[in-house]
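Peer 1: What follows is the file entry-v2.cif, containing mmCIF, C-alpha atoms:
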data_input
loop_
_atom_site.group_PDB
_atom_site.id
_atom_site.type_symbol
_atom_site.label_atom_id
_atom_site.label_comp_id
_atom_site.auth_asym_id
_atom_site.auth_seq_id
_atom_site.Cartn_x
_atom_site.Cartn_y
_atom_site.Cartn_z
ATOM 1 C CA MET A 28 26.246 -5.654 18.211
ATOM 2 C CA SER A 29 26.383 -9.170 16.832
ATOM 3 C CA PHE A 30 22.736 -9.683 17.856
ATOM 4 C CA TYR A 31 21.632 -6.715 15.725
ATOM 5 C CA GLY A 32 23.796 -7.919 12.837
ATOM 6 C CA ILE A 33 22.263 -11.391 12.922
ATOM 7 C CA ALA A 34 18.755 -9.964 13.284
ATOM 8 C CA GLY A 35 19.422 -7.697 10.295
ATOM 9 C CA LEU A 36 20.596 -10.667 8.221
ATOM 10 C CA PHE A 37 17.428 -12.613 9.026
ATOM 11 C CA ILE A 38 15.173 -9.682 8.186
ATOM 12 C CA SER A 39 17.012 -8.932 4.946
ATOM 13 C CA SER A 40 16.940 -12.589 3.881
ATOM 14 C CA TYR A 41 13.195 -12.696 4.597
ATOM 15 C CA LEU A 42 12.611 -9.590 2.473
ATOM 16 C CA TRP A 43 14.785 -10.871 -0.379
ATOM 17 C CA CYS A 44 12.980 -14.221 -0.385
ATOM 18 C CA THR A 45 9.630 -12.430 -0.420
ATOM 19 C CA MET A 46 10.696 -10.472 -3.492
ATOM 20 C CA LEU A 47 12.240 -13.446 -5.297
ATOM 21 C CA TRP A 48 9.253 -15.729 -4.660
ATOM 22 C CA ASN A 49 6.903 -12.914 -5.754
ATOM 23 C CA VAL A 50 4.663 -13.363 -2.711
ATOM 24 C CA GLY A 51 1.307 -11.631 -3.043
ATOM 25 C CA SER A 52 1.259 -11.401 -6.816
ATOM 26 C CA GLY A 53 -1.468 -12.995 -8.864
ATOM 27 C CA TYR A 54 -4.555 -12.140 -10.850
ATOM 28 C CA ASP A 55 -8.274 -11.450 -10.525
ATOM 29 C CA ARG A 56 -10.623 -12.942 -13.094
ATOM 30 C CA PHE A 57 -14.233 -11.815 -13.403
ATOM 31 C CA ASP A 58 -16.310 -14.034 -15.706
ATOM 32 C CA ARG A 59 -19.754 -12.597 -16.306
ATOM 33 C CA LYS A 60 -20.920 -15.495 -18.519
ATOM 34 C CA GLU A 61 -20.350 -18.088 -15.792
ATOM 35 C CA GLY A 62 -21.059 -15.640 -12.961
ATOM 36 C CA ILE A 63 -17.857 -16.612 -11.165
ATOM 37 C CA VAL A 64 -15.030 -14.540 -9.696
ATOM 38 C CA ARG A 65 -11.614 -16.173 -9.349
ATOM 39 C CA ILE A 66 -8.776 -14.662 -7.338
ATOM 40 C CA PHE A 67 -5.316 -16.222 -7.443
ATOM 41 C CA ARG A 68 -2.313 -15.182 -5.328
ATOM 42 C CA TRP A 69 1.154 -16.645 -4.765
ATOM 43 C CA GLY A 70 2.152 -17.303 -1.160
ATOM 44 C CA PHE A 71 5.264 -18.537 0.610
ATOM 45 C CA PRO A 72 6.638 -21.928 -0.494
ATOM 46 C CA GLY A 73 5.033 -24.883 1.172
ATOM 47 C CA ILE A 74 1.776 -26.762 1.114
ATOM 48 C CA LYS A 75 -0.364 -23.654 0.619
ATOM 49 C CA ARG A 76 1.846 -21.843 -1.917
ATOM 50 C CA ARG A 77 -1.071 -21.175 -4.248
ATOM 51 C CA VAL A 78 -4.021 -19.270 -2.820
ATOM 52 C CA PHE A 79 -7.060 -19.710 -5.053
ATOM 53 C CA LEU A 80 -10.442 -18.200 -4.166
ATOM 54 C CA GLN A 81 -13.578 -18.780 -6.205
ATOM 55 C CA PHE A 82 -17.066 -17.483 -5.518
ATOM 56 C CA LEU A 83 -20.223 -16.392 -7.289
ATOM 57 C CA MET A 84 -20.728 -12.848 -8.526
ATOM 58 C CA ARG A 85 -24.108 -12.616 -6.825
ATOM 59 C CA ASP A 86 -22.354 -13.033 -3.443
ATOM 60 C CA ILE A 87 -20.458 -9.753 -3.886
ATOM 61 C CA GLN A 88 -22.059 -7.096 -1.694
ATOM 62 C CA SER A 89 -19.958 -4.019 -2.466
ATOM 63 C CA ILE A 90 -16.627 -2.548 -3.496
ATOM 64 C CA ARG A 91 -14.834 -0.712 -0.694
ATOM 65 C CA ILE A 92 -12.215 1.993 -0.900
ATOM 66 C CA GLN A 93 -10.078 2.597 2.171
ATOM 67 C CA VAL A 94 -8.239 5.917 2.115
ATOM 68 C CA LYS A 95 -5.776 6.977 4.809
ATOM 69 C CA GLU A 96 -3.851 10.175 4.219
ATOM 70 C CA GLY A 97 -0.926 11.491 6.193
ATOM 71 C CA LEU A 98 2.743 10.619 6.432
ATOM 72 C CA TYR A 99 2.159 7.128 5.000
ATOM 73 C CA PRO A 100 -0.889 7.389 2.715
ATOM 74 C CA ARG A 101 -2.800 4.186 1.887
ATOM 75 C CA ARG A 102 -5.429 3.703 -0.769
ATOM 76 C CA ILE A 103 -6.705 0.137 -0.886
ATOM 77 C CA LEU A 104 -9.499 -1.389 -2.945
ATOM 78 C CA TYR A 105 -11.495 -4.202 -1.298
ATOM 79 C CA MET A 106 -14.309 -6.485 -2.406
ATOM 80 C CA GLU A 107 -16.868 -7.409 0.252
ATOM 81 C CA ILE A 108 -18.169 -10.962 -0.088
ATOM 82 C CA ARG A 109 -21.274 -12.261 1.656
ATOM 83 C CA GLY A 110 -20.178 -14.743 4.325
ATOM 84 C CA GLN A 111 -16.418 -14.325 3.699
ATOM 85 C CA GLY A 112 -15.654 -10.736 4.703
ATOM 86 C CA VAL A 113 -13.487 -8.411 2.638
ATOM 87 C CA ILE A 114 -10.758 -9.355 0.176
ATOM 88 C CA PRO A 115 -8.104 -6.804 -0.875
ATOM 89 C CA LEU A 116 -7.829 -6.366 -4.627
ATOM 90 C CA THR A 117 -4.848 -3.999 -4.637
ATOM 91 C CA ARG A 118 -1.607 -4.524 -2.800
ATOM 92 C CA THR A 119 -1.697 -2.950 0.637
ATOM 93 C CA ASP A 120 1.768 -1.446 0.202
ATOM 94 C CA GLU A 121 1.096 0.319 -3.101
ATOM 95 C CA LYS A 122 1.309 4.050 -2.596
ATOM 96 C CA PHE A 123 1.372 4.925 -6.272
ATOM 97 C CA PHE A 124 -2.362 5.217 -6.781
ATOM 98 C CA THR A 125 -3.691 8.731 -6.800
ATOM 99 C CA PRO A 126 -7.178 9.242 -5.381
ATOM 100 C CA ARG A 127 -8.486 9.697 -8.933
ATOM 101 C CA GLU A 128 -6.960 6.390 -10.123
ATOM 102 C CA ILE A 129 -8.306 4.328 -7.212
ATOM 103 C CA GLU A 130 -11.730 5.939 -7.600
ATOM 104 C CA GLN A 131 -11.741 5.183 -11.322
ATOM 105 C CA LYS A 132 -10.769 1.527 -10.755
ATOM 106 C CA ALA A 133 -13.475 1.157 -8.112
ATOM 107 C CA ALA A 134 -16.107 2.785 -10.352
ATOM 108 C CA GLU A 135 -15.251 0.533 -13.317
ATOM 109 C CA LEU A 136 -15.342 -2.599 -11.182
ATOM 110 C CA ALA A 137 -18.564 -1.622 -9.406
ATOM 111 C CA TYR A 138 -20.217 -0.836 -12.739
ATOM 112 C CA PHE A 139 -19.123 -4.191 -14.185
ATOM 113 C CA LEU A 140 -20.287 -6.139 -11.114
ATOM 114 C CA ARG A 141 -23.392 -3.948 -10.584
ATOM 115 C CA VAL A 142 -22.671 -3.346 -6.885
ATOM 116 C CA PRO A 143 -22.397 -0.169 -4.780
ATOM 117 C CA ILE A 144 -19.162 1.560 -3.728
ATOM 118 C CA GLU A 145 -18.384 2.244 -0.061
ATOM 119 C CA VAL A 146 -15.646 4.637 1.068
ATOM 120 C CA PHE A 147 -13.935 4.286 4.445
#
Can the structure in the file be given as structure tokens, please?
Peer 2:
Amino acid sequence: MSFYGIAGLFISSYLWCTMLWNVGSGYDRFDRKEGIVRIFRWGFPGIKRRVFLQFLMRDIQSIRIQVKEGLYPRRILYMEIRGQGVIPLTRTDEKFFTPREIEQKAAELAYFLRVPIEVF
């Protein structure tokens, strides 16, 4: 029983620290004048606390929507970058987006970036 209690304390402290440090939050900046996309996210404390990605708009291949329905529905918006793979733009644990909202966000972003939308 003490093993499960200690394991529970470690897991709860990890989750509380994740919430207090605001891990995963950040912003996306799309600058059409410069043709640059900047993505910033906060990580866990340490050397790589700040995650900063910067790439050219012409390297964006498409906007992807991943939809999984069922007991735990997931609707995630990704950006596919040439040579770097896919980068999630929405939090992977957000379940509050309706299909209409995620489709509208993807359509607005794809129209702004002038790229196609892919649905998976």
Peer 1: With distances taken over all atoms listed in the file, which residue among A:Ser52, A:Gln111, A:Gln93, A:Thr125 lies nearest Phe67 of chain A?
Peer 2: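 Among A:Ser52, A:Gln111, A:Gln93, A:Thr125, it is A:Ser52 that comes nearest to Phe67 of chain A.
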Peer 1: Choose the residue, out of A:Tyr138, A:Phe147, A:Tyr105, A:Phe57, that has the smallest atom-to-atom separation from Gln81 of chain A; count all atoms listed in the file.
Peer 2: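 Among A:Tyr138, A:Phe147, A:Tyr105, A:Phe57, it is A:Phe57 that comes nearest to Gln81 of chain A.
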Peer 1: Please evaluate the PyMOL selection byres ((chain A and resi 55) around 6) against the structure above and give the resulting residues as a short mmCIF file (atom, residue, chain, number, x, y, z; two decimals) with C-alpha atoms, in the coordinates of the input.
Peer 2:
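Below is the file that was written, selection08.cif:
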data_model
loop_
_atom_site.label_atom_id
_atom_site.label_comp_id
_atom_site.auth_asym_id
_atom_site.auth_seq_id
_atom_site.Cartn_x
_atom_site.Cartn_y
_atom_site.Cartn_z
CA TYR A 54 -4.56 -12.14 -10.85
CA ARG A 56 -10.62 -12.94 -13.09
CA ARG A 65 -11.61 -16.17 -9.35
CA ILE A 66 -8.78 -14.66 -7.34
#
Peer 1: With all atoms listed in the file as the basis for distance, which of A:Leu42, A:Met84, A:Val94, A:Val113 is at the shortest distance from Ile63 of chain A?
Peer 2: A:Met84
Peer 1: Find the distance between atom CA of Ile114 of chain A and atom CA of Asn49 of chain A and write it in Å to one decimal.
Peer 2: 19.0 Å
Peer 1: Residues at most 7 Å from Val78 of chain A, counting all atoms listed in the file, excluding those fewer than 4 positions away in the same chain, as number ranges by chain?
Peer 2: A: 67-70
Peer 1: Using all atoms listed in the file for the distances, tell me which of A:Val50, A:Ile74, A:Leu116, A:Leu36 is nearest to Leu136 of chain A.
Peer 2: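 Of A:Val50, A:Ile74, A:Leu116, A:Leu36, the one nearest Leu136 of chain A is A:Leu116, counting all atoms listed in the file.
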Peer 1: With the PyMOL selection byres ((chain A and resi 88) around 7) as the selection, what would be picked from this file? Answer as a count of residues only, please.
Peer 2: 7
Peer 1: How many Å lie between atom CA of Gly51 of chain A and atom CA of Leu80 of chain A, rounded to one decimal?
Peer 2: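 Going from atom CA of Gly51 of chain A over to atom CA of Leu80 of chain A covers 13.5 Å.
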